[in-house]
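Scroll down for the structure; my scribbles are underneath it.
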Amino acid sequence: MNILLVGSGGREHALAWKISGSPSVKRLVSAPGNPGIAALCETRKIAATDVDGLVALAREIAADLVVVGPESALEVGLADRLAEIGIPCFGPSQAAARLETSKAFTKAFCARHGIPTAAFGVFEDAPAAAAFLETLPGPYVIKADGLAAGKGVVIAATLAEAETAVVDMLGGRFGTAGARVIIEEFMEGEEVSLFALCDGTAAMAFGNAQDHKRAYDGDEGPNTGGMGTYSPAPIYTAEPAERAWREIIEPTVRGMAQEGYPYVGVLYAGLMLTPTGPRLVEYNARFGDPECQSLMLRLASDIVPYLMAAATGALTRLSEPAWREEAAITVVLAAEGYPDAPKAGGVIEGADSDFGGEAVVFHAGTARDAEGRLVASGGRVLNVCALGVDLSEARDLAYGALATLSLPGGFSRSDIGWRAL
Ligand code: AMP
Ligand code: GLY
C-alpha cells in the first residue's frame with residue numbers, strides 16, 4: 001500500500017521508522033519530512049498546512065492512507081478534504097480536532113458529557129477574569145484558548161502573577177490563540193499521557209507514557225512541548241486505567257459521534273491522577289511528541305493495520321496490539337534558548353551514528369545547510385531513544401548515546417524518568 005505521512009518532527013521520524021518496517025508498505029512518502037525521515041523514505045517539500053499541496057500529492061502517489069502527525073494540518077481541515085475525495089485519513093476532521101484546537105470547546109464538551117476535568121471559566125476581558133480569579137484558592141491555571149504549541153499555559157502561584165498572565169494573553173502574547181483565556185481550578189496529582197486509537201465509533205487503548213514538560217531538571221523552568229518521556233508509566237496501574245477508559249475515553253468517543261463529529265485517529269488524553277481519580281487536563285488530536293517516540297520503540301505489532309483500521313472504521317476487527325516488555329525512554333536535545341527563542345543553525349555532530357540497536361536517534365528540528373551539514377532548525381532538535389530491561393537500563397543507554405552527540409549551546413534534561421526511578 002502507498003502511504004503519505006504528514007509532518008516533520010521527531011514524532012513523524014518515529015512514525016516513519018515504524019511504518020517503513022511494515023511488510024504491507026509499497027511506497028512511503030513524507031511531506032515535508034526532515035533529514036532523518038529522508039534517510040528512510042521519499043520526502044516532498046510541502047508544508048503540513050498546505051492542504052491543496054498535500055491533497056494533490058496524495059492523489060499523485062495514489063495514497064491508500066494519509067497519516068497526519070501534527071495538529072496544524074488537522075486545524076486547517078486536511079482530513080475533511082481527503083474525505084471528500086475518498087482517501088482514508090488517520091487524523092480527525094477539523095470539527096473533531098477542536099478537542100485540541102479549542103480548549104473552550106473541550107471544556108464545554110466535558111461539561112455536557114460529565115467527563116471529569118477541572119472547574120473553569122472562559123473570559124475575553126481582564127476585569128471579568130480578575131473577578132473569577134479572586135474566587136479561587138490558587139495556585140492559578142491560565143490558558144490561551146487556541147493552539148500555542150504546548151506553551152500557552154501559565155501556572156501562577158500568586159493572584160498578582162495570575163492577573164499579569166491574563167493581561168499578557170489577552171494583550172496578544174500568543175496572537176489570536178489568546179483572544180480568549182481559560183482559567184481553571186488547579187488539580188493536584190501526577191500526570192500521564194494516554195493514547196486511544198479511534199475509528200469514529202470504537203476506541204482501542206494504544207499505550208501510555210509520562211512526559212516532562214518543564215525545560216530544566218527537577219521540573220523547573222518554563223513549560224515546553226516536552227523534554228523527555230518514558231513508557232509505560234508505572235503509576236498508570238489497572239485501577240486508574242479502567243476508570244479513565246470508562247469515565248473519560250468512552251464518553252468522549254460516544255459524545256463526539258452523537259454530536260455529529262465522529263473522532264478518527266489517535267486521541268491523546270493528558271490525565272491528572274488525582275486523589276479522587278483520573279481527571280482530564282487536556283485532549284490532543286494527535287500522538288504526543290515526544291511520547292510517540294517512546295511508544296514506537298515499544299510497539300511490537302505492525303502499526304499499519306492499526307492506522308488503516310482506525311481510518312476506515314474497522315478497529316473492532318483487530319485485537320489489541322502487542323507491546324514489548326521493556327521500558328522505553330526518550331531524551332530531547334534542545335537548541336540554546338528553547339523554548340522562548342531557540343537558536344537555529346548550530347552544527348550537529350553524531351546524529352546519524354549507528355548505536356548498534358542500543359539506542360535510536362530521531363530528528364526533530366533539523367535541516368541541511370548549503371554545505372549539506374546537519375544543523376538545528378527548531379527548538380527541539382534531536383530525540384535520543386532507548387529500550388532497556390527496565391527504565392534504569394533504558395536511561396543509561398539513552399544518556400550514553402546522548403553523550404556522543406554534539407550541538408553548540410544545546411541542552412537536555414539529565415533527569416528524564418526520575419519519578420519512576
Ligand atoms: P495543557 O497545555 O492544558 O496540557 O497544560 C500544560 C501543563 O500545565 C499540563 O501538562 C499540566 O502540567 C499543567 N496544568 C494544566 N492544567 C492544569 C490544572 N487544571 N491543574 C494543574 N495543572 C495543570
Ligand atoms: N508532549 C506533549 C505534547 O505532545 O503535547
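Ordered as shown in the C-alpha cells, chains take letters A, B, and onward, while each chain numbers its residues from 1 and ligands are numbered from 1 in the order shown.
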**OP:** Would you mind listing the residues within 10 Å of ligand 2, counting only C-alpha atoms and all ligand atoms, as JSON, numbers by chain?
**Re:** {"A": [11, 70, 71, 100, 149, 150, 151, 193, 209, 210, 211, 212, 213, 224, 225, 226, 227, 228, 229, 268, 269, 270, 282, 283, 284, 285, 286, 287, 288, 289, 290, 291, 292]}
At a cut-off of 12 Å, using only C-alpha atoms, what residues contact stretch 168-185 of chain A? Leave out same-chain residues fewer than 3 positions from it and give the result as a PDB file with N, CA and C atoms, in the first residue's frame.
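Listed below is the output, around-v3.pdb:
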ATOM      1  N   THR A 101      -7.899  21.903  19.326  1.00  0.00           N
ATOM      2  CA  THR A 101      -7.681  23.272  18.843  1.00  0.00           C
ATOM      3  C   THR A 101      -8.484  24.319  19.609  1.00  0.00           C
ATOM      4  N   SER A 102      -9.510  23.892  20.355  1.00  0.00           N
ATOM      5  CA  SER A 102     -10.227  24.848  21.189  1.00  0.00           C
ATOM      6  C   SER A 102     -10.448  24.287  22.584  1.00  0.00           C
ATOM      7  N   LYS A 103      -9.732  24.851  23.530  1.00  0.00           N
ATOM      8  CA  LYS A 103      -9.900  24.399  24.908  1.00  0.00           C
ATOM      9  C   LYS A 103     -11.309  24.750  25.399  1.00  0.00           C
ATOM     10  N   ALA A 104     -11.873  25.872  24.902  1.00  0.00           N
ATOM     11  CA  ALA A 104     -13.220  26.267  25.325  1.00  0.00           C
ATOM     12  C   ALA A 104     -14.243  25.229  24.848  1.00  0.00           C
ATOM     13  N   PHE A 105     -14.081  24.739  23.607  1.00  0.00           N
ATOM     14  CA  PHE A 105     -14.956  23.685  23.093  1.00  0.00           C
ATOM     15  C   PHE A 105     -14.864  22.453  23.988  1.00  0.00           C
ATOM     16  N   THR A 106     -13.630  22.058  24.304  1.00  0.00           N
ATOM     17  CA  THR A 106     -13.430  20.818  25.073  1.00  0.00           C
ATOM     18  C   THR A 106     -14.014  20.929  26.470  1.00  0.00           C
ATOM     19  N   LYS A 107     -13.832  22.092  27.107  1.00  0.00           N
ATOM     20  CA  LYS A 107     -14.367  22.249  28.449  1.00  0.00           C
ATOM     21  C   LYS A 107     -15.887  22.147  28.426  1.00  0.00           C
ATOM     22  N   ALA A 108     -16.510  22.776  27.429  1.00  0.00           N
ATOM     23  CA  ALA A 108     -17.974  22.720  27.341  1.00  0.00           C
ATOM     24  C   ALA A 108     -18.427  21.297  27.005  1.00  0.00           C
ATOM     25  N   THR A 117     -13.030  16.856  34.843  1.00  0.00           N
ATOM     26  CA  THR A 117     -11.950  17.781  34.498  1.00  0.00           C
ATOM     27  C   THR A 117     -11.998  18.948  35.490  1.00  0.00           C
ATOM     28  N   ALA A 118     -11.051  19.871  35.394  1.00  0.00           N
ATOM     29  CA  ALA A 118     -11.023  20.992  36.339  1.00  0.00           C
ATOM     30  C   ALA A 118     -12.175  21.961  36.097  1.00  0.00           C
ATOM     31  N   ALA A 119     -12.698  22.545  37.186  1.00  0.00           N
ATOM     32  CA  ALA A 119     -13.698  23.612  37.052  1.00  0.00           C
ATOM     33  C   ALA A 119     -13.027  24.782  36.321  1.00  0.00           C
ATOM     34  N   PHE A 120     -13.808  25.561  35.586  1.00  0.00           N
ATOM     35  CA  PHE A 120     -13.184  26.564  34.719  1.00  0.00           C
ATOM     36  C   PHE A 120     -14.115  27.734  34.428  1.00  0.00           C
ATOM     37  N   GLY A 121     -13.529  28.805  33.891  1.00  0.00           N
ATOM     38  CA  GLY A 121     -14.290  29.909  33.321  1.00  0.00           C
ATOM     39  C   GLY A 121     -13.584  30.369  32.051  1.00  0.00           C
ATOM     40  N   VAL A 122     -14.351  30.915  31.091  1.00  0.00           N
ATOM     41  CA  VAL A 122     -13.783  31.404  29.826  1.00  0.00           C
ATOM     42  C   VAL A 122     -13.999  32.916  29.768  1.00  0.00           C
ATOM     43  N   PHE A 123     -12.938  33.655  29.463  1.00  0.00           N
ATOM     44  CA  PHE A 123     -13.035  35.119  29.523  1.00  0.00           C
ATOM     45  C   PHE A 123     -12.407  35.801  28.318  1.00  0.00           C
ATOM     46  N   GLU A 124     -13.021  36.920  27.932  1.00  0.00           N
ATOM     47  CA  GLU A 124     -12.449  37.733  26.855  1.00  0.00           C
ATOM     48  C   GLU A 124     -12.020  39.100  27.373  1.00  0.00           C
ATOM     49  N   ASP A 125     -12.343  39.398  28.620  1.00  0.00           N
ATOM     50  CA  ASP A 125     -11.854  40.673  29.152  1.00  0.00           C
ATOM     51  C   ASP A 125     -11.263  40.512  30.548  1.00  0.00           C
ATOM     52  N   ALA A 126     -10.238  41.323  30.799  1.00  0.00           N
ATOM     53  CA  ALA A 126      -9.428  41.175  32.006  1.00  0.00           C
ATOM     54  C   ALA A 126     -10.193  41.400  33.315  1.00  0.00           C
ATOM     55  N   PRO A 127     -11.064  42.407  33.414  1.00  0.00           N
ATOM     56  CA  PRO A 127     -11.744  42.606  34.711  1.00  0.00           C
ATOM     57  C   PRO A 127     -12.605  41.401  35.112  1.00  0.00           C
ATOM     58  N   ALA A 128     -13.307  40.791  34.148  1.00  0.00           N
ATOM     59  CA  ALA A 128     -14.142  39.625  34.466  1.00  0.00           C
ATOM     60  C   ALA A 128     -13.247  38.455  34.894  1.00  0.00           C
ATOM     61  N   ALA A 129     -12.102  38.299  34.200  1.00  0.00           N
ATOM     62  CA  ALA A 129     -11.168  37.224  34.549  1.00  0.00           C
ATOM     63  C   ALA A 129     -10.629  37.442  35.966  1.00  0.00           C
ATOM     64  N   ALA A 130     -10.294  38.698  36.290  1.00  0.00           N
ATOM     65  CA  ALA A 130      -9.746  39.003  37.616  1.00  0.00           C
ATOM     66  C   ALA A 130     -10.769  38.690  38.701  1.00  0.00           C
ATOM     67  N   ALA A 131     -12.038  38.996  38.429  1.00  0.00           N
ATOM     68  CA  ALA A 131     -13.091  38.735  39.411  1.00  0.00           C
ATOM     69  C   ALA A 131     -13.211  37.236  39.672  1.00  0.00           C
ATOM     70  N   PHE A 132     -13.082  36.424  38.620  1.00  0.00           N
ATOM     71  CA  PHE A 132     -13.166  34.959  38.772  1.00  0.00           C
ATOM     72  C   PHE A 132     -11.947  34.434  39.541  1.00  0.00           C
ATOM     73  N   LEU A 133     -10.768  34.973  39.212  1.00  0.00           N
ATOM     74  CA  LEU A 133      -9.539  34.539  39.901  1.00  0.00           C
ATOM     75  C   LEU A 133      -9.680  34.723  41.405  1.00  0.00           C
ATOM     76  N   GLU A 134     -10.339  35.832  41.791  1.00  0.00           N
ATOM     77  CA  GLU A 134     -10.464  36.119  43.219  1.00  0.00           C
ATOM     78  C   GLU A 134     -11.328  35.098  43.957  1.00  0.00           C
ATOM     79  N   THR A 135     -12.136  34.338  43.211  1.00  0.00           N
ATOM     80  CA  THR A 135     -12.980  33.327  43.869  1.00  0.00           C
ATOM     81  C   THR A 135     -12.233  32.005  44.069  1.00  0.00           C
ATOM     82  N   LEU A 136     -11.008  31.871  43.480  1.00  0.00           N
ATOM     83  CA  LEU A 136     -10.279  30.602  43.534  1.00  0.00           C
ATOM     84  C   LEU A 136      -9.216  30.624  44.630  1.00  0.00           C
ATOM     85  N   PRO A 137      -8.861  29.437  45.161  1.00  0.00           N
ATOM     86  CA  PRO A 137      -7.876  29.384  46.224  1.00  0.00           C
ATOM     87  C   PRO A 137      -6.427  29.516  45.734  1.00  0.00           C
ATOM     88  N   GLY A 138      -6.152  29.248  44.447  1.00  0.00           N
ATOM     89  CA  GLY A 138      -4.757  29.230  43.980  1.00  0.00           C
ATOM     90  C   GLY A 138      -4.090  27.922  44.330  1.00  0.00           C
ATOM     91  N   PRO A 139      -2.944  27.505  43.665  1.00  0.00           N
ATOM     92  CA  PRO A 139      -2.377  28.224  42.531  1.00  0.00           C
ATOM     93  C   PRO A 139      -3.374  28.362  41.373  1.00  0.00           C
ATOM     94  N   TYR A 140      -3.045  29.237  40.438  1.00  0.00           N
ATOM     95  CA  TYR A 140      -3.971  29.599  39.367  1.00  0.00           C
ATOM     96  C   TYR A 140      -3.481  29.054  38.036  1.00  0.00           C
ATOM     97  N   VAL A 141      -4.400  28.526  37.240  1.00  0.00           N
ATOM     98  CA  VAL A 141      -4.049  27.958  35.940  1.00  0.00           C
ATOM     99  C   VAL A 141      -4.699  28.827  34.865  1.00  0.00           C
ATOM    100  N   ILE A 142      -3.873  29.440  34.001  1.00  0.00           N
ATOM    101  CA  ILE A 142      -4.388  30.344  32.964  1.00  0.00           C
ATOM    102  C   ILE A 142      -3.937  29.818  31.613  1.00  0.00           C
ATOM    103  N   LYS A 143      -4.897  29.651  30.689  1.00  0.00           N
ATOM    104  CA  LYS A 143      -4.575  29.056  29.389  1.00  0.00           C
ATOM    105  C   LYS A 143      -5.112  29.896  28.238  1.00  0.00           C
ATOM    106  N   ALA A 144      -4.308  29.986  27.175  1.00  0.00           N
ATOM    107  CA  ALA A 144      -4.808  30.582  25.929  1.00  0.00           C
ATOM    108  C   ALA A 144      -5.779  29.575  25.310  1.00  0.00           C
ATOM    109  N   ASP A 145      -6.868  30.050  24.713  1.00  0.00           N
ATOM    110  CA  ASP A 145      -7.882  29.137  24.162  1.00  0.00           C
ATOM    111  C   ASP A 145      -7.362  28.323  22.982  1.00  0.00           C
ATOM    112  N   GLY A 146      -6.624  28.961  22.078  1.00  0.00           N
ATOM    113  CA  GLY A 146      -6.235  28.292  20.831  1.00  0.00           C
ATOM    114  C   GLY A 146      -4.905  27.570  20.927  1.00  0.00           C
ATOM    115  N   LEU A 147      -4.367  27.196  19.767  1.00  0.00           N
ATOM    116  CA  LEU A 147      -3.115  26.442  19.728  1.00  0.00           C
ATOM    117  C   LEU A 147      -1.927  27.323  20.065  1.00  0.00           C
ATOM    118  N   ALA A 148      -1.072  26.848  20.965  1.00  0.00           N
ATOM    119  CA  ALA A 148       0.120  27.618  21.319  1.00  0.00           C
ATOM    120  C   ALA A 148       1.309  26.690  21.527  1.00  0.00           C
ATOM    121  N   ALA A 149       1.327  25.570  20.781  1.00  0.00           N
ATOM    122  CA  ALA A 149       2.457  24.621  20.814  1.00  0.00           C
ATOM    123  C   ALA A 149       2.818  24.179  22.227  1.00  0.00           C
ATOM    124  N   GLY A 150       1.810  23.952  23.044  1.00  0.00           N
ATOM    125  CA  GLY A 150       2.049  23.447  24.394  1.00  0.00           C
ATOM    126  C   GLY A 150       2.618  24.489  25.339  1.00  0.00           C
ATOM    127  N   LYS A 151       2.682  25.736  24.874  1.00  0.00           N
ATOM    128  CA  LYS A 151       3.330  26.759  25.700  1.00  0.00           C
ATOM    129  C   LYS A 151       2.331  27.799  26.218  1.00  0.00           C
ATOM    130  N   GLY A 152       1.052  27.645  25.869  1.00  0.00           N
ATOM    131  CA  GLY A 152       0.061  28.657  26.221  1.00  0.00           C
ATOM    132  C   GLY A 152      -0.565  28.471  27.587  1.00  0.00           C
ATOM    133  N   VAL A 153       0.185  27.898  28.536  1.00  0.00           N
ATOM    134  CA  VAL A 153      -0.373  27.654  29.870  1.00  0.00           C
ATOM    135  C   VAL A 153       0.553  28.259  30.915  1.00  0.00           C
ATOM    136  N   VAL A 154      -0.045  29.028  31.821  1.00  0.00           N
ATOM    137  CA  VAL A 154       0.744  29.593  32.922  1.00  0.00           C
ATOM    138  C   VAL A 154       0.155  29.087  34.230  1.00  0.00           C
ATOM    139  N   ILE A 155       1.012  28.557  35.094  1.00  0.00           N
ATOM    140  CA  ILE A 155       0.573  28.191  36.442  1.00  0.00           C
ATOM    141  C   ILE A 155       1.152  29.271  37.357  1.00  0.00           C
ATOM    142  N   ALA A 156       0.279  30.075  37.935  1.00  0.00           N
ATOM    143  CA  ALA A 156       0.734  31.214  38.726  1.00  0.00           C
ATOM    144  C   ALA A 156       0.525  30.927  40.208  1.00  0.00           C
ATOM    145  N   GLU A 161       0.527  37.430  39.929  1.00  0.00           N
ATOM    146  CA  GLU A 161       1.111  36.779  38.745  1.00  0.00           C
ATOM    147  C   GLU A 161       0.011  36.307  37.799  1.00  0.00           C
ATOM    148  N   ALA A 162      -1.068  35.803  38.374  1.00  0.00           N
ATOM    149  CA  ALA A 162      -2.176  35.290  37.563  1.00  0.00           C
ATOM    150  C   ALA A 162      -2.789  36.422  36.756  1.00  0.00           C
ATOM    151  N   GLU A 163      -2.968  37.581  37.404  1.00  0.00           N
ATOM    152  CA  GLU A 163      -3.570  38.714  36.706  1.00  0.00           C
ATOM    153  C   GLU A 163      -2.667  39.219  35.585  1.00  0.00           C
ATOM    154  N   THR A 164      -1.351  39.205  35.836  1.00  0.00           N
ATOM    155  CA  THR A 164      -0.400  39.611  34.796  1.00  0.00           C
ATOM    156  C   THR A 164      -0.489  38.655  33.596  1.00  0.00           C
ATOM    157  N   ALA A 165      -0.586  37.357  33.887  1.00  0.00           N
ATOM    158  CA  ALA A 165      -0.659  36.372  32.798  1.00  0.00           C
ATOM    159  C   ALA A 165      -1.903  36.592  31.944  1.00  0.00           C
ATOM    160  N   GLU A 188      -4.351  18.645  41.666  1.00  0.00           N
ATOM    161  CA  GLU A 188      -3.187  18.079  42.338  1.00  0.00           C
ATOM    162  C   GLU A 188      -3.008  16.635  41.878  1.00  0.00           C
ATOM    163  N   ARG A 279      -8.562  12.646  36.118  1.00  0.00           N
ATOM    164  CA  ARG A 279      -9.323  13.773  35.558  1.00  0.00           C
ATOM    165  C   ARG A 279      -8.574  14.258  34.327  1.00  0.00           C
ATOM    166  N   LEU A 280      -9.339  14.780  33.375  1.00  0.00           N
ATOM    167  CA  LEU A 280      -8.741  15.231  32.121  1.00  0.00           C
ATOM    168  C   LEU A 280      -8.082  16.600  32.289  1.00  0.00           C
ATOM    169  N   VAL A 281      -6.814  16.701  31.885  1.00  0.00           N
ATOM    170  CA  VAL A 281      -6.149  18.009  31.832  1.00  0.00           C
ATOM    171  C   VAL A 281      -6.419  18.624  30.467  1.00  0.00           C
ATOM    172  N   GLU A 282      -6.167  17.845  29.430  1.00  0.00           N
ATOM    173  CA  GLU A 282      -6.399  18.353  28.077  1.00  0.00           C
ATOM    174  C   GLU A 282      -6.468  17.177  27.114  1.00  0.00           C
ATOM    175  N   ASP A 340      11.861  29.850  24.569  1.00  0.00           N
ATOM    176  CA  ASP A 340      11.480  31.209  24.176  1.00  0.00           C
ATOM    177  C   ASP A 340      12.032  31.629  22.831  1.00  0.00           C
TER     178      ASP A 340
END
Subject >> Residue nearest A:Tyr263 - candidates A:Val389, A:Arg395, A:Gly189, A:Ala96, atoms counted: only C-alpha atoms >> reply: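 Using only C-alpha atoms, the shortest distance to A:Tyr263 belongs to A:Ala96.
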Check stretch 356-418 of chain A with DSSP on the backbone and list each residue it calls strand (DSSP E or B), as a CSV table (one decimal) with C-alpha atoms, in the first residue's frame.
chain,number,residue,atom,x,y,z
A,360,VAL,CA,17.9,5.3,18.2
A,361,VAL,CA,18.2,9.0,17.4
A,362,PHE,CA,15.2,10.6,15.8
A,363,HIS,CA,15.5,14.0,14.1
A,366,THR,CA,17.0,19.5,11.9
A,367,ALA,CA,17.9,20.7,8.4
A,368,ARG,CA,20.7,20.6,5.9
A,374,LEU,CA,23.2,18.8,9.6
A,375,VAL,CA,22.1,21.9,11.6
A,376,ALA,CA,19.5,22.8,14.2
A,380,ARG,CA,13.7,20.5,20.0
A,381,VAL,CA,16.5,19.2,17.7
A,382,LEU,CA,17.0,15.5,18.4
A,383,ASN,CA,15.3,12.8,20.3
A,384,VAL,CA,17.5,10.1,21.8
A,385,CYS,CA,15.5,6.9,22.5
A,386,ALA,CA,16.4,3.6,24.0
A,387,LEU,CA,14.7,0.4,25.3
A,388,GLY,CA,16.0,-1.4,28.4
A,406,SER,CA,27.1,17.5,20.0
A,411,PHE,CA,20.9,21.3,26.3
**OP:** Identify which of the residues A:Pro222, A:Pro305, A:Gly417, A:Gly207 lies closest to ligand 1, counting only C-alpha atoms and all ligand atoms when measuring atom-to-atom distances.
**Re:** A:Pro222
Original post:
Quick one: of A:Pro116, A:Pro240, A:Gly410, A:Gly400, who's nearest to ligand 1, counting only C-alpha atoms and all ligand atoms?
Top reply: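 Of all the options, A:Pro116 lies closest to ligand 1.
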